[in-house]
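Structure first, then comments.
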There are 2 protein chains.
Amino acid sequence: MQKKEVLLLLTDHWADWEAANVIAGITMAQTHDVKTISIDKNPKVSIGGLRTEIDYTIEEYKNLDNLAMIILVGGFSWGENIYQEIADFVKKANNLNIPVAAICGATQFLAKHGFLDNAKHTGDEYEYFMEQLKDEKGYKGHANFVVSQLVNDKGFITANETSALEFACEILKVLEVYPEEELAEWYKKYKNGLAN
Amino acid sequence: MQKKEVLLLLTDHWADWEAANVIAGITMAQTHDVKTISIDKNPKVSIGGLRTEIDYTIEEYKNLDNLAMIILVGGFSWGENIYQEIADFVKKANNLNIPVAAICGATQFLAKHGFLDNAKHTGDEYEYFMEQLKDEKGYKGHANFVVSQLVNDKGFITANETSALEFACEILKVLEVYPEEELAEWYKKYKNGLAN
């Protein structure tokens, strides 16, 4: 049987550490295939300088039947770009009840496009002041947007840049990759260290 | 002035999370360039499935004048390979007092080639039982090798797979990338989370 895919969506200057734990956790369990996707096929260079190749463009990924989740990795290019084609892809997945996970700048991207308007993400967990950007498109700004450690609501998992492990755990839980006890052990090991 | 380089040495099935924090920390400080190096130019696929391109082969990197450090990332191919060319490269750097950092399986690789024999790494911090491999080469085995959280001795920084943050801090300290106080804050933020 073909494994379902988890798409890791990379943009320029993606943050190396934010999805590192979760993609390794997924592939080690051998339950899903992890593939990279982006707006084009050019390798995307991480903040740390890793030039990483892209498996799919968004344009060619038309059939979502085999898609288990999209993970949007944070990084330095979310703030300055609108990325309408990514927003449309997220919308399509969300409409099909496919979970979308975002961390750091990618969460701000979701907020900018209105995906978090009716979710817990905009509640008390956030210091979240909507601000209209000063352009004709009326996109919402994120000057005072502080992402809480972790929220999972209405199909969107979001986290801040310091939550790589918690983000990983929530995704592994949603994908049902490991039994609950094993996942708790995994988290404890990486949070506290083997020798502690 | 040309920045000094930090080489990230990648092998097949390298561990995504182990050097992610440190390379991002280095490049954000803009004090050094991070480049990937390997035994050949074929992209190296991480455990998490990221196909990452290689800047240099070991063979072509003959001049070490501009080299600040080599970081050996852990992964699944250290155990089954001897990688003599990597050992020779490490030896050359060590002879020039260029620090070498290794995490997880890469630490076992250093031990196998005898680099940790006279260092603290083989002291009380380790449950470390040298074992001759059953081949004519007499390489040391690592069946019962448990790497401690972090050791920095005789030019070698070593850590286990759960020490990505501590490994990052030690490397950033050795490279003098951030003032001590800033580094302590950075560690605290990522260890405990922004919201805590």
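By order of appearance in the structure tokens: chains A, B, ..., then residues from 1 within every chain, and ligands from 1 in the order shown.
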
Next item on the list: DSSP on the backbone, then: every residue of stretch 60-102 of chain B marked strand (DSSP E or B), written as number ranges by chain.
Entry: B: 67-72, 75, 100-102

Per-residue nearest contacts chain B to chain A, cut-off 7 Å, using only C-alpha atoms, as a Markdown table:
| residue | atom | partner | partner_atom | distance |
| --- | --- | --- | --- | --- |
| B:Asp16 | CA | A:Ala20 | CA | 5.0 |
| B:Trp17 | CA | A:Ala20 | CA | 4.7 |
| B:Ala20 | CA | A:Trp17 | CA | 4.7 |
| B:Asn21 | CA | A:Trp17 | CA | 5.5 |
| B:Ile23 | CA | A:Gly48 | CA | 4.5 |
| B:Ala24 | CA | A:Gly48 | CA | 3.9 |
| B:Thr27 | CA | A:Gly48 | CA | 5.7 |
| B:Val34 | CA | A:Gly49 | CA | 5.9 |
| B:Lys35 | CA | A:Gly49 | CA | 6.8 |
| B:Ile47 | CA | A:Ala24 | CA | 5.4 |
| B:Gly48 | CA | A:Ala24 | CA | 3.9 |
| B:Gly49 | CA | A:Val34 | CA | 6.0 |
| B:Leu50 | CA | A:Thr52 | CA | 6.4 |
| B:Arg51 | CA | A:Glu53 | CA | 5.5 |
| B:Thr52 | CA | A:Thr52 | CA | 4.3 |
| B:Glu53 | CA | A:Arg51 | CA | 5.5 |
| B:Ser148 | CA | A:Ala195 | CA | 6.4 |
| B:Gln149 | CA | A:Ala195 | CA | 6.1 |
| B:Thr162 | CA | A:Tyr190 | CA | 4.9 |
| B:Ser163 | CA | A:Gly193 | CA | 6.3 |
| B:Lys189 | CA | A:Thr162 | CA | 6.9 |
| B:Tyr190 | CA | A:Thr162 | CA | 4.9 |
| B:Gly193 | CA | A:Thr162 | CA | 5.0 |
| B:Leu194 | CA | A:Thr162 | CA | 6.1 |
| B:Ala195 | CA | A:Gln149 | CA | 6.1 |

Dump of N, CA, C and O atoms for the selected residues, as a compact mmCIF listing (two decimals), in the first residue's frame:
# COMPACT_ATOMS: atom_id res chain seq x y z
N ASP B 16 18.65 15.38 10.95
CA ASP B 16 18.20 16.76 10.70
C ASP B 16 18.35 17.69 11.89
O ASP B 16 18.69 18.87 11.72
N TRP B 17 18.03 17.20 13.08
CA TRP B 17 17.89 18.07 14.24
C TRP B 17 19.21 18.33 14.98
O TRP B 17 19.26 19.20 15.84
N ALA B 20 21.05 21.60 13.51
CA ALA B 20 20.14 22.63 12.99
C ALA B 20 20.27 23.94 13.77
O ALA B 20 20.39 25.03 13.19
N ASN B 21 20.27 23.84 15.09
CA ASN B 21 20.37 25.05 15.91
C ASN B 21 21.68 25.76 15.71
O ASN B 21 21.74 26.99 15.60
N ILE B 23 23.97 25.71 13.19
CA ILE B 23 24.28 26.36 11.90
C ILE B 23 23.43 27.61 11.71
O ILE B 23 23.92 28.61 11.18
N ALA B 24 22.19 27.57 12.18
CA ALA B 24 21.36 28.78 12.09
C ALA B 24 21.94 29.87 12.99
O ALA B 24 22.01 31.04 12.61
N THR B 27 25.08 31.41 11.20
CA THR B 27 24.83 32.28 10.04
C THR B 27 24.06 33.54 10.44
O THR B 27 24.27 34.59 9.84
N VAL B 34 28.76 29.07 6.62
CA VAL B 34 28.56 27.63 6.79
C VAL B 34 28.49 26.98 5.42
O VAL B 34 27.72 27.41 4.56
N LYS B 35 29.31 25.97 5.20
CA LYS B 35 29.32 25.24 3.92
C LYS B 35 29.20 23.75 4.20
O LYS B 35 29.70 23.27 5.22
N ILE B 47 17.72 12.02 7.51
CA ILE B 47 16.77 11.04 8.04
C ILE B 47 15.34 11.49 7.74
O ILE B 47 14.49 10.71 7.36
N GLY B 48 15.10 12.79 7.87
CA GLY B 48 13.76 13.34 7.63
C GLY B 48 13.39 13.44 6.16
O GLY B 48 12.27 13.82 5.83
N GLY B 49 14.32 13.14 5.27
CA GLY B 49 13.98 13.11 3.84
C GLY B 49 14.42 14.34 3.05
O GLY B 49 14.01 14.50 1.90
N LEU B 50 15.24 15.22 3.64
CA LEU B 50 15.68 16.42 2.92
C LEU B 50 16.92 16.11 2.08
O LEU B 50 17.95 15.69 2.60
N ARG B 51 16.81 16.34 0.80
CA ARG B 51 17.91 16.10 -0.14
C ARG B 51 18.73 17.37 -0.22
O ARG B 51 18.31 18.36 -0.83
N THR B 52 19.92 17.35 0.41
CA THR B 52 20.68 18.58 0.59
C THR B 52 21.97 18.55 -0.23
O THR B 52 22.69 17.56 -0.24
N GLU B 53 22.22 19.66 -0.92
CA GLU B 53 23.36 19.72 -1.85
C GLU B 53 24.67 19.95 -1.10
O GLU B 53 24.70 20.48 0.01
N SER B 148 28.13 10.93 26.35
CA SER B 148 27.59 11.81 27.38
C SER B 148 27.01 13.06 26.74
O SER B 148 27.17 13.30 25.55
N GLN B 149 26.33 13.87 27.55
CA GLN B 149 25.62 15.03 26.99
C GLN B 149 26.56 15.94 26.20
O GLN B 149 26.27 16.31 25.10
N THR B 162 20.61 13.86 21.96
CA THR B 162 19.61 14.71 22.63
C THR B 162 20.19 16.04 23.06
O THR B 162 19.55 16.80 23.79
N SER B 163 21.39 16.34 22.65
CA SER B 163 22.10 17.54 23.12
C SER B 163 22.23 18.62 22.05
O SER B 163 23.17 19.42 22.10
N LYS B 189 16.06 30.63 26.12
CA LYS B 189 14.87 30.82 25.29
C LYS B 189 14.47 29.53 24.57
O LYS B 189 13.32 29.13 24.59
N TYR B 190 15.45 28.88 23.96
CA TYR B 190 15.13 27.67 23.19
C TYR B 190 14.91 26.45 24.09
O TYR B 190 14.16 25.54 23.74
N GLY B 193 11.43 27.72 26.12
CA GLY B 193 10.31 28.24 25.33
C GLY B 193 10.06 29.70 25.61
O GLY B 193 10.17 30.16 26.75
N LEU B 194 9.70 30.42 24.58
CA LEU B 194 9.43 31.86 24.65
C LEU B 194 8.35 32.20 25.66
O LEU B 194 8.44 33.19 26.36
N ALA B 195 7.33 31.36 25.70
CA ALA B 195 6.16 31.70 26.49
C ALA B 195 6.30 31.27 27.96
O ALA B 195 5.39 31.47 28.75

Item checked: stretch 60-71 of chain B surroundings by only C-alpha atoms, 10 Å radius, close-in-sequence under 4 positions cut, as an MDAnalysis selection string -> chainID B and resid 2:10 19 22:23 32:37 39:40 56 89:90 92:94 96:103 106 155:158 171 174:175

With N, CA and C atoms retained, could you export that selection as a CSV table (one decimal), in the first residue's frame?
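Output below, filename selection.csv:
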chain,number,residue,atom,x,y,z
B,2,GLN,N,37.4,38.2,4.1
B,2,GLN,CA,36.7,37.0,3.9
B,2,GLN,C,36.4,36.3,5.2
B,3,LYS,N,35.2,35.9,5.4
B,3,LYS,CA,34.8,35.2,6.6
B,3,LYS,C,35.4,33.8,6.6
B,4,LYS,N,35.7,33.4,7.8
B,4,LYS,CA,36.2,32.0,8.0
B,4,LYS,C,35.0,31.0,7.8
B,5,GLU,N,35.3,29.8,7.4
B,5,GLU,CA,34.2,28.9,7.1
B,5,GLU,C,34.1,27.8,8.2
B,6,VAL,N,32.8,27.5,8.4
B,6,VAL,CA,32.5,26.3,9.3
B,6,VAL,C,32.0,25.2,8.3
B,7,LEU,N,32.6,24.1,8.3
B,7,LEU,CA,32.2,23.0,7.4
B,7,LEU,C,31.3,22.1,8.2
B,8,LEU,N,30.1,21.8,7.6
B,8,LEU,CA,29.1,20.9,8.1
B,8,LEU,C,29.3,19.6,7.2
B,9,LEU,N,29.8,18.6,7.9
B,9,LEU,CA,30.1,17.3,7.1
B,9,LEU,C,28.9,16.4,7.2
B,10,LEU,N,28.3,16.2,6.0
B,10,LEU,CA,27.1,15.4,5.9
B,10,LEU,C,27.4,14.0,5.3
B,19,ALA,N,22.4,19.4,14.2
B,19,ALA,CA,23.2,20.6,14.0
B,19,ALA,C,22.4,21.8,13.5
B,22,VAL,N,22.7,25.0,15.7
B,22,VAL,CA,24.1,25.6,15.6
B,22,VAL,C,24.3,26.3,14.3
B,23,ILE,N,24.0,25.7,13.2
B,23,ILE,CA,24.3,26.4,11.9
B,23,ILE,C,23.4,27.6,11.7
B,32,HIS,N,30.6,33.8,10.4
B,32,HIS,CA,31.3,32.8,9.6
B,32,HIS,C,30.3,32.3,8.5
B,33,ASP,N,30.9,31.7,7.4
B,33,ASP,CA,30.1,31.1,6.4
B,33,ASP,C,30.0,29.6,6.8
B,34,VAL,N,28.8,29.1,6.6
B,34,VAL,CA,28.6,27.6,6.8
B,34,VAL,C,28.5,27.0,5.4
B,35,LYS,N,29.3,26.0,5.2
B,35,LYS,CA,29.3,25.2,3.9
B,35,LYS,C,29.2,23.8,4.2
B,36,THR,N,28.6,23.0,3.3
B,36,THR,CA,28.5,21.6,3.4
B,36,THR,C,29.6,20.9,2.7
B,37,ILE,N,30.1,19.8,3.3
B,37,ILE,CA,31.2,19.0,2.7
B,37,ILE,C,30.9,17.6,2.9
B,39,ILE,N,32.0,13.3,1.2
B,39,ILE,CA,33.0,12.5,0.4
B,39,ILE,C,32.8,12.6,-1.1
B,40,ASP,N,31.6,13.0,-1.5
B,40,ASP,CA,31.4,13.3,-2.9
B,40,ASP,C,30.3,14.4,-3.1
B,56,TYR,N,31.4,21.3,-1.1
B,56,TYR,CA,32.8,20.8,-1.3
B,56,TYR,C,32.9,19.3,-1.1
B,89,PHE,N,40.9,13.6,7.1
B,89,PHE,CA,40.6,15.1,7.1
B,89,PHE,C,40.5,15.6,8.5
B,90,VAL,N,39.8,14.8,9.4
B,90,VAL,CA,39.7,15.2,10.8
B,90,VAL,C,41.1,15.3,11.4
B,92,LYS,N,44.0,15.9,9.9
B,92,LYS,CA,44.6,17.1,9.4
B,92,LYS,C,44.2,18.4,10.1
B,93,ALA,N,42.9,18.5,10.3
B,93,ALA,CA,42.4,19.7,11.0
B,93,ALA,C,42.9,19.7,12.5
B,94,ASN,N,42.8,18.6,13.1
B,94,ASN,CA,43.2,18.5,14.5
B,94,ASN,C,44.7,18.8,14.7
B,96,LEU,N,46.3,20.9,13.0
B,96,LEU,CA,46.4,22.4,12.8
B,96,LEU,C,45.6,23.1,13.9
B,97,ASN,N,45.2,22.4,15.0
B,97,ASN,CA,44.4,23.0,16.1
B,97,ASN,C,43.1,23.6,15.7
B,98,ILE,N,42.5,23.0,14.6
B,98,ILE,CA,41.2,23.5,14.2
B,98,ILE,C,40.2,22.5,14.9
B,99,PRO,N,39.2,23.1,15.7
B,99,PRO,CA,38.3,22.3,16.5
B,99,PRO,C,37.4,21.4,15.6
B,100,VAL,N,37.1,20.2,16.1
B,100,VAL,CA,36.2,19.3,15.4
B,100,VAL,C,35.1,19.0,16.3
B,101,ALA,N,33.8,19.2,15.9
B,101,ALA,CA,32.7,18.9,16.7
B,101,ALA,C,31.9,17.7,16.1
B,102,ALA,N,31.5,16.8,17.0
B,102,ALA,CA,30.8,15.6,16.5
B,102,ALA,C,29.6,15.3,17.4
B,103,ILE,N,28.5,14.8,16.8
B,103,ILE,CA,27.4,14.5,17.6
B,103,ILE,C,26.8,13.1,17.2
B,106,ALA,N,28.5,10.3,14.9
B,106,ALA,CA,29.7,10.9,14.4
B,106,ALA,C,30.8,10.8,15.6
B,155,GLY,N,40.5,19.6,21.6
B,155,GLY,CA,40.1,20.0,20.3
B,155,GLY,C,38.9,19.3,19.7
B,156,PHE,N,38.3,18.4,20.5
B,156,PHE,CA,37.1,17.7,20.1
B,156,PHE,C,35.9,18.0,21.0
B,157,ILE,N,34.8,18.5,20.4
B,157,ILE,CA,33.5,18.7,21.1
B,157,ILE,C,32.6,17.5,20.7
B,158,THR,N,32.1,16.8,21.7
B,158,THR,CA,31.2,15.7,21.4
B,158,THR,C,29.9,15.8,22.2
B,171,ILE,N,29.7,25.1,20.7
B,171,ILE,CA,30.3,25.5,19.4
B,171,ILE,C,30.2,27.1,19.2
B,174,VAL,N,32.9,28.5,21.5
B,174,VAL,CA,34.3,28.2,20.9
B,174,VAL,C,34.6,29.2,19.7
B,175,LEU,N,33.6,29.4,18.9
B,175,LEU,CA,33.7,30.3,17.7
B,175,LEU,C,33.6,31.7,18.1

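Between atom CA of A:Lys154 and atom CA of A:Tyr83 there is a distance of 21.8 Å.
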
Next item on the list: Record the distance separating atom CA of B:Lys41 and atom CA of B:Asp12, expressed in Å with one decimal.
Entry: 11.8 Å

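Separating atom CA of B:Thr107 from atom CA of B:Leu72 is a distance of 8.1 Å.
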